[in-house]
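Asker: My structure file work.cif, mmCIF, C-alpha atoms and all ligand atoms, is below:
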```cif
data_final
#
loop_
_atom_site.label_atom_id
_atom_site.label_comp_id
_atom_site.auth_asym_id
_atom_site.auth_seq_id
_atom_site.Cartn_x
_atom_site.Cartn_y
_atom_site.Cartn_z
CA MET R 81 8.08 27.88 -14.38
CA ARG R 82 8.75 24.61 -16.19
CA ALA R 83 7.71 21.33 -14.58
CA PHE R 84 8.14 17.87 -16.09
CA GLN R 85 5.01 16.04 -15.02
CA VAL R 86 3.41 12.61 -15.12
CA VAL R 87 -0.31 12.84 -15.90
CA SER R 88 -0.89 9.16 -16.75
CA PRO R 89 1.79 6.66 -15.75
CA ALA R 90 2.95 4.60 -18.73
CA PRO R 91 6.03 2.71 -19.96
CA ILE R 92 8.92 5.15 -20.25
CA GLU R 93 9.34 4.25 -23.94
CA THR R 94 6.07 6.15 -24.57
CA ARG R 95 7.52 9.35 -23.04
CA PRO R 96 4.98 9.83 -20.21
CA LEU R 97 6.80 12.88 -18.75
CA ARG R 98 5.36 16.06 -20.26
CA GLN R 99 6.75 19.57 -19.98
CA ALA R 100 4.18 21.99 -18.52
CA GLU R 101 4.17 25.69 -17.65
CA VAL R 102 2.93 26.05 -14.04
CA PRO R 103 2.99 28.77 -11.33
CA VAL R 104 6.01 28.91 -9.01
CA PRO R 105 4.84 27.20 -5.77
CA GLU R 106 4.22 29.37 -2.69
CA PRO R 107 6.05 28.22 0.48
CA LEU R 108 3.92 27.50 3.57
CA PRO R 109 5.00 29.40 6.74
CA ASP R 110 7.48 26.62 7.71
CA GLU R 111 8.71 25.98 4.16
CA VAL R 112 11.42 27.32 1.89
CA LEU R 113 11.22 27.96 -1.85
CA ILE R 114 14.25 26.51 -3.66
CA ARG R 115 15.57 27.27 -7.14
CA VAL R 116 16.49 23.83 -8.49
CA HIS R 117 19.96 23.51 -10.01
CA VAL R 118 20.13 19.73 -10.55
CA CYS R 119 17.99 16.72 -9.65
CA GLY R 120 19.34 13.19 -9.38
CA MET R 121 17.37 10.33 -10.90
CA CYS R 122 16.36 7.33 -8.85
CA ARG R 123 14.70 4.07 -9.83
CA THR R 124 11.73 5.22 -7.73
CA ASP R 125 11.19 8.02 -10.28
CA LEU R 126 10.80 5.29 -12.88
CA HIS R 127 8.34 3.41 -10.63
CA VAL R 128 6.30 6.64 -10.23
CA THR R 129 6.43 7.40 -13.96
CA GLU R 130 5.56 3.90 -15.12
CA GLY R 131 2.92 3.22 -12.45
CA ASP R 132 4.67 0.48 -10.42
CA LEU R 133 3.81 2.72 -7.46
CA PRO R 134 0.17 3.84 -7.19
CA GLN R 135 -0.41 7.40 -8.35
CA LYS R 136 -1.01 9.65 -5.31
CA LYS R 137 -1.18 13.05 -7.03
CA THR R 138 -2.20 13.99 -10.58
CA PRO R 139 -0.28 15.44 -12.27
CA VAL R 140 2.90 14.87 -10.29
CA THR R 141 6.44 16.11 -10.83
CA PRO R 142 8.96 13.34 -9.93
CA GLY R 143 12.43 13.84 -8.47
CA HIS R 144 13.71 13.60 -4.90
CA GLN R 145 17.46 14.24 -5.07
CA VAL R 146 17.30 17.98 -5.46
CA ILE R 147 20.23 20.38 -5.11
CA GLY R 148 19.42 24.07 -5.33
CA MET R 149 19.56 27.49 -3.74
CA VAL R 150 17.12 28.87 -1.19
CA GLU R 151 15.22 31.64 -2.94
CA ARG R 152 12.70 32.69 -0.30
CA CYS R 153 11.67 31.55 3.21
CA GLY R 154 8.18 31.19 4.68
CA ILE R 155 7.41 33.57 7.57
CA GLN R 156 8.26 30.93 10.23
CA ALA R 157 11.20 29.42 8.36
CA THR R 158 14.40 30.71 9.98
CA LEU R 159 16.80 27.75 9.66
CA HIS R 160 18.01 28.67 6.17
CA GLN R 161 18.76 31.95 4.44
CA PRO R 162 18.19 32.99 0.85
CA GLY R 163 21.32 31.99 -1.09
CA ASP R 164 22.06 28.87 1.03
CA ARG R 165 22.84 25.75 -0.99
CA VAL R 166 20.56 22.95 0.17
CA GLY R 167 19.27 19.49 -0.74
CA VAL R 168 15.79 17.96 -0.69
CA ALA R 169 15.37 14.21 -0.31
CA TRP R 170 12.56 11.63 -0.47
CA LEU R 171 11.06 12.24 2.97
CA HIS R 172 9.13 15.49 2.47
CA ARG R 173 7.36 15.75 5.80
CA THR R 174 6.32 13.53 8.72
CA CYS R 175 3.51 14.05 11.25
CA GLY R 176 5.61 14.00 14.43
CA GLN R 177 2.61 12.48 16.26
CA CYS R 178 2.23 8.82 15.27
CA GLU R 179 3.78 5.93 17.21
CA PHE R 180 6.64 5.67 14.68
CA CYS R 181 7.49 9.38 14.79
CA ARG R 182 7.41 9.31 18.59
CA SER R 183 9.79 6.34 18.76
CA GLY R 184 12.56 7.66 16.49
CA ARG R 185 11.30 5.78 13.42
CA GLU R 186 9.96 8.64 11.35
CA ASN R 187 10.91 6.71 8.20
CA LEU R 188 7.82 4.57 8.95
CA CYS R 189 5.48 7.53 9.71
CA ILE R 190 1.95 6.56 8.69
CA ASN R 191 1.20 10.13 7.54
CA ALA R 192 4.48 10.83 5.75
CA LEU R 193 4.57 12.80 2.51
CA PHE R 194 7.14 11.93 -0.13
CA THR R 195 8.95 14.25 -2.54
CA GLY R 196 8.14 13.51 -6.16
CA TRP R 197 5.34 11.06 -5.34
CA THR R 198 2.73 12.48 -2.94
CA VAL R 199 3.99 16.06 -3.43
CA ASP R 200 5.79 17.61 -6.40
CA GLY R 201 9.51 16.96 -6.77
CA GLY R 202 12.55 18.40 -8.46
CA TYR R 203 12.07 17.83 -12.19
CA ALA R 204 11.08 21.51 -12.24
CA ASP R 205 12.58 24.99 -11.92
CA TYR R 206 11.39 25.44 -8.30
CA ILE R 207 10.36 23.24 -5.38
CA VAL R 208 9.05 23.94 -1.88
CA ALA R 209 10.03 21.87 1.17
CA PRO R 210 9.64 22.13 4.97
CA GLN R 211 12.71 23.79 6.48
CA ARG R 212 13.33 20.86 8.85
CA PHE R 213 13.51 18.42 5.95
CA VAL R 214 16.06 20.42 3.97
CA TYR R 215 19.75 19.46 4.23
CA PRO R 216 22.71 21.83 4.05
CA ILE R 217 25.12 20.38 1.45
CA PRO R 218 28.82 20.00 2.40
CA SER R 219 30.89 22.51 0.43
CA GLY R 220 33.33 19.91 -0.95
CA PHE R 221 30.75 18.55 -3.39
CA THR R 222 29.60 20.10 -6.65
CA ALA R 223 25.83 20.13 -7.20
CA GLU R 224 25.91 17.19 -9.60
CA GLN R 225 28.22 15.16 -7.34
CA ALA R 226 25.97 15.84 -4.35
CA ALA R 227 22.62 14.98 -5.95
CA PRO R 228 23.02 11.17 -5.91
CA LEU R 229 23.95 11.31 -2.23
CA LEU R 230 20.42 12.39 -1.32
CA CYS R 231 18.59 9.14 -2.03
CA ALA R 232 20.97 6.58 -3.51
CA GLY R 233 23.52 7.60 -0.89
CA ILE R 234 21.28 7.91 2.16
CA ILE R 235 19.28 4.74 1.44
CA GLY R 236 22.46 2.78 0.78
CA TYR R 237 23.82 4.08 4.08
CA ARG R 238 20.71 3.00 5.95
CA CYS R 239 20.95 -0.44 4.30
CA LEU R 240 24.57 -0.71 5.48
CA ARG R 241 23.67 0.36 9.01
CA VAL R 242 20.91 -2.23 9.38
CA SER R 243 22.97 -4.98 7.72
CA GLY R 244 25.10 -5.40 10.84
CA LEU R 245 28.29 -5.15 8.74
CA THR R 246 31.41 -4.59 10.83
CA ALA R 247 35.07 -3.84 10.07
CA GLY R 248 36.71 -6.75 8.27
CA GLY R 249 33.32 -8.23 7.36
CA ARG R 250 32.37 -9.47 3.91
CA LEU R 251 29.56 -7.58 2.16
CA GLY R 252 27.64 -8.64 -0.95
CA LEU R 253 26.04 -6.03 -3.25
CA TYR R 254 23.47 -7.20 -5.85
CA GLY R 255 22.92 -4.64 -8.59
CA PHE R 256 25.48 -1.88 -9.06
CA GLY R 257 23.73 1.36 -9.91
CA ALA R 258 23.72 4.70 -8.13
CA ALA R 259 23.13 3.37 -4.58
CA ALA R 260 25.68 0.55 -4.72
CA HIS R 261 28.44 2.72 -6.20
CA VAL R 262 28.20 4.94 -3.10
CA ALA R 263 27.61 2.10 -0.60
CA ILE R 264 30.80 0.29 -1.70
CA GLN R 265 32.85 3.38 -0.81
CA VAL R 266 31.29 3.61 2.66
CA ALA R 267 31.74 -0.13 3.26
CA ARG R 268 35.40 0.00 2.23
CA HIS R 269 35.90 3.02 4.49
CA TRP R 270 34.52 0.85 7.29
CA GLY R 271 37.14 -1.77 6.43
CA ALA R 272 34.86 -4.35 4.79
CA GLU R 273 35.58 -6.57 1.76
CA VAL R 274 32.96 -6.07 -0.94
CA TYR R 275 31.68 -8.73 -3.39
CA VAL R 276 29.51 -7.45 -6.26
CA CYS R 277 26.97 -9.35 -8.39
CA THR R 278 25.63 -7.48 -11.42
CA ARG R 279 24.84 -8.43 -15.02
CA ASP R 280 26.04 -5.29 -16.79
CA GLU R 281 29.69 -5.21 -17.86
CA ARG R 282 30.05 -1.44 -17.36
CA HIS R 283 28.71 -1.83 -13.83
CA GLN R 284 31.10 -4.74 -13.21
CA LYS R 285 34.00 -2.61 -14.39
CA LEU R 286 33.00 0.32 -12.15
CA ALA R 287 32.68 -2.06 -9.16
CA ALA R 288 36.22 -3.35 -9.76
CA GLU R 289 37.53 0.22 -10.08
CA LEU R 290 35.89 1.11 -6.78
CA GLY R 291 37.68 -1.73 -5.02
CA ALA R 292 35.39 -4.77 -5.11
CA VAL R 293 37.51 -7.83 -4.25
CA TRP R 294 35.34 -9.98 -6.56
CA VAL R 295 32.80 -9.24 -9.27
CA GLY R 296 30.36 -11.69 -10.87
CA GLY R 297 27.05 -12.04 -12.72
CA THR R 298 23.58 -11.39 -11.28
CA VAL R 299 23.27 -14.65 -9.33
CA ALA R 300 26.88 -15.83 -9.48
CA ASP R 301 28.23 -17.60 -6.40
CA PRO R 302 30.83 -15.46 -4.56
CA PRO R 303 33.97 -17.42 -3.57
CA GLU R 304 33.45 -16.68 0.16
CA LYS R 305 30.39 -16.82 2.40
CA LEU R 306 29.18 -13.30 3.17
CA ASP R 307 28.37 -11.65 6.52
CA ALA R 308 25.78 -9.31 5.04
CA SER R 309 24.32 -8.47 1.66
CA ILE R 310 22.17 -5.79 0.08
CA ILE R 311 19.96 -6.25 -3.00
CA PHE R 312 19.53 -2.96 -4.85
CA ALA R 313 18.19 -4.52 -8.06
CA PRO R 314 14.35 -4.64 -8.10
CA ALA R 315 14.42 -8.37 -8.87
CA GLY R 316 12.91 -10.79 -6.34
CA GLU R 317 14.44 -13.78 -8.11
CA ILE R 318 17.85 -12.76 -6.72
CA VAL R 319 16.73 -13.40 -3.11
CA PRO R 320 17.31 -17.20 -3.02
CA ALA R 321 20.80 -16.87 -4.56
CA ALA R 322 21.71 -14.08 -2.16
CA LEU R 323 20.54 -16.10 0.86
CA LYS R 324 22.55 -19.08 -0.37
CA ALA R 325 25.72 -16.94 -0.39
CA LEU R 326 25.12 -15.71 3.18
CA LYS R 327 26.81 -17.06 6.33
CA ALA R 328 24.77 -18.40 9.25
CA GLY R 329 23.44 -15.41 11.19
CA GLY R 330 23.93 -13.06 8.23
CA THR R 331 21.47 -10.37 7.16
CA LEU R 332 20.12 -9.81 3.65
CA VAL R 333 18.74 -6.28 3.19
CA LEU R 334 16.32 -5.41 0.38
CA GLY R 335 16.99 -1.78 -0.51
CA GLY R 336 14.25 -1.01 -3.05
CA ILE R 337 10.75 0.43 -2.72
CA HIS R 338 9.44 -2.03 -5.34
CA MET R 339 10.53 -5.56 -6.19
CA SER R 340 9.25 -8.28 -8.50
CA PRO R 341 7.79 -11.31 -6.65
CA ILE R 342 10.17 -13.32 -4.48
CA PRO R 343 10.08 -17.05 -5.42
CA SER R 344 9.24 -19.62 -2.76
CA LEU R 345 12.22 -20.49 -0.59
CA ASP R 346 13.56 -23.70 0.89
CA TYR R 347 13.64 -23.13 4.64
CA ASP R 348 17.29 -24.24 4.64
CA LEU R 349 18.16 -20.95 2.94
CA LEU R 350 16.82 -18.98 5.89
CA TYR R 351 17.56 -21.36 8.76
CA HIS R 352 20.59 -20.77 11.02
CA GLU R 353 19.28 -17.35 11.91
CA ARG R 354 19.71 -15.66 8.59
CA VAL R 355 17.65 -12.46 8.51
CA LEU R 356 15.76 -11.16 5.46
CA ARG R 357 14.57 -7.57 5.85
CA SER R 358 13.61 -4.49 3.86
CA VAL R 359 14.57 -0.86 4.30
CA ALA R 360 11.87 1.78 3.91
CA ASN R 361 12.71 5.46 3.42
CA ASN R 362 15.15 7.08 5.83
CA THR R 363 15.17 9.22 8.92
CA ARG R 364 16.63 12.73 8.89
CA GLU R 365 19.31 11.39 11.25
CA ASP R 366 20.38 8.91 8.52
CA GLY R 367 20.64 11.84 6.12
CA VAL R 368 22.63 14.14 8.40
CA GLU R 369 25.05 11.38 9.49
CA PHE R 370 25.53 10.11 5.97
CA LEU R 371 26.27 13.57 4.53
CA ARG R 372 28.82 14.18 7.30
CA GLU R 373 30.52 10.84 6.68
CA ALA R 374 30.34 11.30 2.89
CA ALA R 375 32.26 14.58 3.21
CA GLU R 376 34.83 13.00 5.57
CA ILE R 377 35.60 9.94 3.39
CA PRO R 378 35.16 11.77 0.86
CA ILE R 379 32.71 9.90 -1.40
CA GLY R 380 33.29 10.35 -5.12
CA THR R 381 30.20 9.95 -7.25
CA SER R 382 30.31 8.86 -10.88
CA VAL R 383 27.68 10.95 -12.62
CA GLN R 384 26.11 11.11 -16.06
CA LEU R 385 24.43 14.48 -16.73
CA PHE R 386 21.34 14.98 -18.89
CA PRO R 387 19.42 18.20 -19.65
CA VAL R 388 16.07 18.06 -17.84
CA GLU R 389 14.32 18.32 -21.21
CA GLN R 390 15.63 14.79 -21.87
CA ALA R 391 14.13 13.32 -18.68
CA ASN R 392 12.22 10.64 -20.63
CA GLU R 393 15.35 9.49 -22.47
CA ALA R 394 17.39 9.61 -19.26
CA LEU R 395 14.89 7.48 -17.32
CA ASN R 396 14.80 5.06 -20.24
CA ALA R 397 18.60 4.75 -19.96
CA LEU R 398 18.22 4.12 -16.21
CA LYS R 399 15.64 1.39 -16.92
CA ASN R 400 18.08 -0.32 -19.28
CA ASP R 401 21.06 -0.14 -16.88
CA ALA R 402 22.76 2.14 -19.40
CA ILE R 403 23.97 4.72 -16.87
CA ARG R 404 27.39 4.36 -15.31
CA GLY R 405 27.03 5.43 -11.68
CA ALA R 406 24.20 7.89 -11.16
CA GLY R 407 22.06 9.85 -13.63
CA VAL R 408 21.53 13.54 -12.85
CA LEU R 409 19.25 16.04 -14.62
CA ARG R 410 20.57 19.56 -15.10
CA VAL R 411 17.68 21.97 -14.52
CA LEU R 412 19.46 25.34 -14.35
CA GLU R 413 22.00 26.06 -17.09
CA SER R 414 25.19 27.30 -15.46
ZN ZN R 501 15.13 7.44 -4.46
ZN ZN R 502 4.25 10.18 11.97
#
```
Rewrite the structure of this file - the entire thing - as structure tokens.
Ligand SMILES: [Zn+2]
Ligand SMILES: [Zn+2]
Answerer:
Amino acid sequence: MRAFQVVSPAPIETRPLRQAEVPVPEPLPDEVLIRVHVCGMCRTDLHVTEGDLPQKKTPVTPGHQVIGMVERCGIQATLHQPGDRVGVAWLHRTCGQCEFCRSGRENLCINALFTGWTVDGGYADYIVAPQRFVYPIPSGFTAEQAAPLLCAGIIGYRCLRVSGLTAGGRLGLYGFGAAAHVAIQVARHWGAEVYVCTRDERHQKLAAELGAVWVGGTVADPPEKLDASIIFAPAGEIVPAALKALKAGGTLVLGGIHMSPIPSLDYDLLYHERVLRSVANNTREDGVEFLREAAEIPIGTSVQLFPVEQANEALNALKNDAIRGAGVLRVLES
């Protein structure tokens, strides 16, 4: 089968993803083998490819927003049947034993494996995944619409849940890529007003179309103080501006896995019980609840499709904010 692999992480402009011919992976007893149809792109794929995240496996196939069809099940895997349409997300497997797994916080598992980083991901014709970490995909979504829900969507949902946002609250979103364009739809469904800060004009336009009450530049000052905000852009220099725009008692959530250094802060920006926190990974419960709510709302994703052979060019576009909504790689020609 084809796999698009990173051997040596390097700037995406140098085309570090290489096409290789590799054996189809064999599912373990509790795993399923999945024929990949599409794979969404996430900024984390760029961090893996360029080396912002340490390399855990060499070579590694990135991609953790996989939609495909179950091809074959391991001998103990009975939850899915061949032919079922399923999704694979970032959390590949947890240990079930550590203090975090035992306390309902498997997203923090100290032995967790991650799709497309510590194990091979979906920029390939086939992928294997443990049956308990594979999500049935609601039938209302096409494969390419569903792909961005699996990381951008789920992580954005977890960010919203921990932000403390309530109906009628005011939410700030910093950066308006794949995650934010889903999160705004959930927040509006919850009855919140959404304020969006982003530098790119196409992103500003999409935010307005999706119902933002106000749109401004990267560190522009929203006209109202905000109850909660989420930074999706990997830029630590946004943190002081975002804290400044927050009400007393408000929460600022950092949604990325990697961020440039955060500048030193005047304590006044944090005082009055403002909370600054990160979100790491997601639990399967986040995924199941989000997919159910996404189908109910229903979430519409704005998607730009690329053939998987153009993964380098597509990730380069992602790096330069040149994708409107979410980028998705088509692996299987329909
Ligand atoms: Zn991701
Ligand atoms: Zn664990």
Asker: Output as JSON lines one row per residue of chain R within 7 Å of ligand ZN 501 (chain R): the closest atom pair and its distance in Å to one decimal place, counting only C-alpha atoms and all ligand atoms, sorted by chain and residue number ascending.
Answerer:
```
{"residue": "R:Cys122", "atom": "CA", "partner": "R:ZN501", "partner_atom": "ZN", "distance": 4.6}
{"residue": "R:Arg123", "atom": "CA", "partner": "R:ZN501", "partner_atom": "ZN", "distance": 6.4}
{"residue": "R:Thr124", "atom": "CA", "partner": "R:ZN501", "partner_atom": "ZN", "distance": 5.2}
{"residue": "R:His144", "atom": "CA", "partner": "R:ZN501", "partner_atom": "ZN", "distance": 6.3}
{"residue": "R:Trp170", "atom": "CA", "partner": "R:ZN501", "partner_atom": "ZN", "distance": 6.3}
{"residue": "R:Cys231", "atom": "CA", "partner": "R:ZN501", "partner_atom": "ZN", "distance": 4.6}
{"residue": "R:Ala232", "atom": "CA", "partner": "R:ZN501", "partner_atom": "ZN", "distance": 6.0}
```
Asker: Find the spatial neighbours of Glu317 (chain R), counting all atoms listed in the file, within a cut-off of 8 Å - ignore same-chain residues fewer than 5 positions away - and output them as a PDB file with C-alpha atoms, keeping the file's coordinate frame.
Answerer:
```pdb
ATOM      1  CA  SER R 340       9.250  -8.280  -8.500  1.00  0.00           C
ATOM      2  CA  PRO R 341       7.790 -11.310  -6.650  1.00  0.00           C
ATOM      3  CA  ILE R 342      10.170 -13.320  -4.480  1.00  0.00           C
ATOM      4  CA  PRO R 343      10.080 -17.050  -5.420  1.00  0.00           C
TER       5      PRO R 343
END
```
Asker: Which chains and residue numbers are within 7 Å of ligand ZN 502 (chain R), counting all atoms listed in the file, if I want them as a compact mmCIF listing (two decimals) with C-alpha atoms, keeping the file's coordinate frame?
Answerer:
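For reference, result_37.txt as written:
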```
# COMPACT_ATOMS: atom_id res chain seq x y z
CA THR R 174 6.32 13.53 8.72
CA CYS R 175 3.51 14.05 11.25
CA GLY R 176 5.61 14.00 14.43
CA GLN R 177 2.61 12.48 16.26
CA CYS R 178 2.23 8.82 15.27
CA GLU R 179 3.78 5.93 17.21
CA PHE R 180 6.64 5.67 14.68
CA CYS R 181 7.49 9.38 14.79
CA GLU R 186 9.96 8.64 11.35
CA CYS R 189 5.48 7.53 9.71
CA ILE R 190 1.95 6.56 8.69
CA ASN R 191 1.20 10.13 7.54
CA ALA R 192 4.48 10.83 5.75
```
Asker: What lies within 9 Å of Gly255 (chain R) using all atoms listed in the file, ignoring chain neighbours under 4 positions off, as a PyMOL selection string?
Answerer: chain R and resi 259-260+276-280+283+298+310-314
Asker: Ranking R:Pro162, R:Gly257, R:Gly296, R:Pro387 by minimum distance to Asp401 (chain R) and counting all atoms listed in the file, which one comes first?
Answerer: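 Closest to Asp401 (chain R), using all atoms listed in the file: R:Gly257.
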Asker: Excluding Ile92 (chain R) and residues on its chain fewer than 4 positions from it, collect all residues at most 7 Å away from it, counting all atoms listed in the file, and give them as a list in words.
Answerer: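 Close residues of Ile92 (chain R): Pro96, Glu130, Asn392 and Asn396 of chain R.
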Asker: Could you produce a table of the residues of region 228-278 of chain R lying within 7 Å of region 301-307 of chain R, with the nearest pair of atoms per residue and their separation in Å rounded to one decimal, using all atoms listed in the file, ordered by chain and increasing residue number, as a Markdown table?
Answerer:
```
| residue | atom | partner | partner_atom | distance |
| --- | --- | --- | --- | --- |
| R:Leu245 | CA | R:Asp307 | CA | 6.9 |
| R:Gly249 | CA | R:Asp307 | CA | 6.1 |
| R:Arg250 | CA | R:Leu306 | CA | 5.0 |
| R:Leu251 | CA | R:Leu306 | CA | 5.8 |
| R:Gly252 | CA | R:Leu306 | CA | 6.4 |
| R:Tyr275 | CA | R:Pro302 | CA | 6.9 |
```
Asker: Which residue, R:Leu97, R:Met149, R:Ala157, R:Val368, has the smallest gap to Pro109 (chain R) when you use all atoms listed in the file?
Answerer: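 Checking each candidate against Pro109 (chain R), we get R:Ala157 as the closest.
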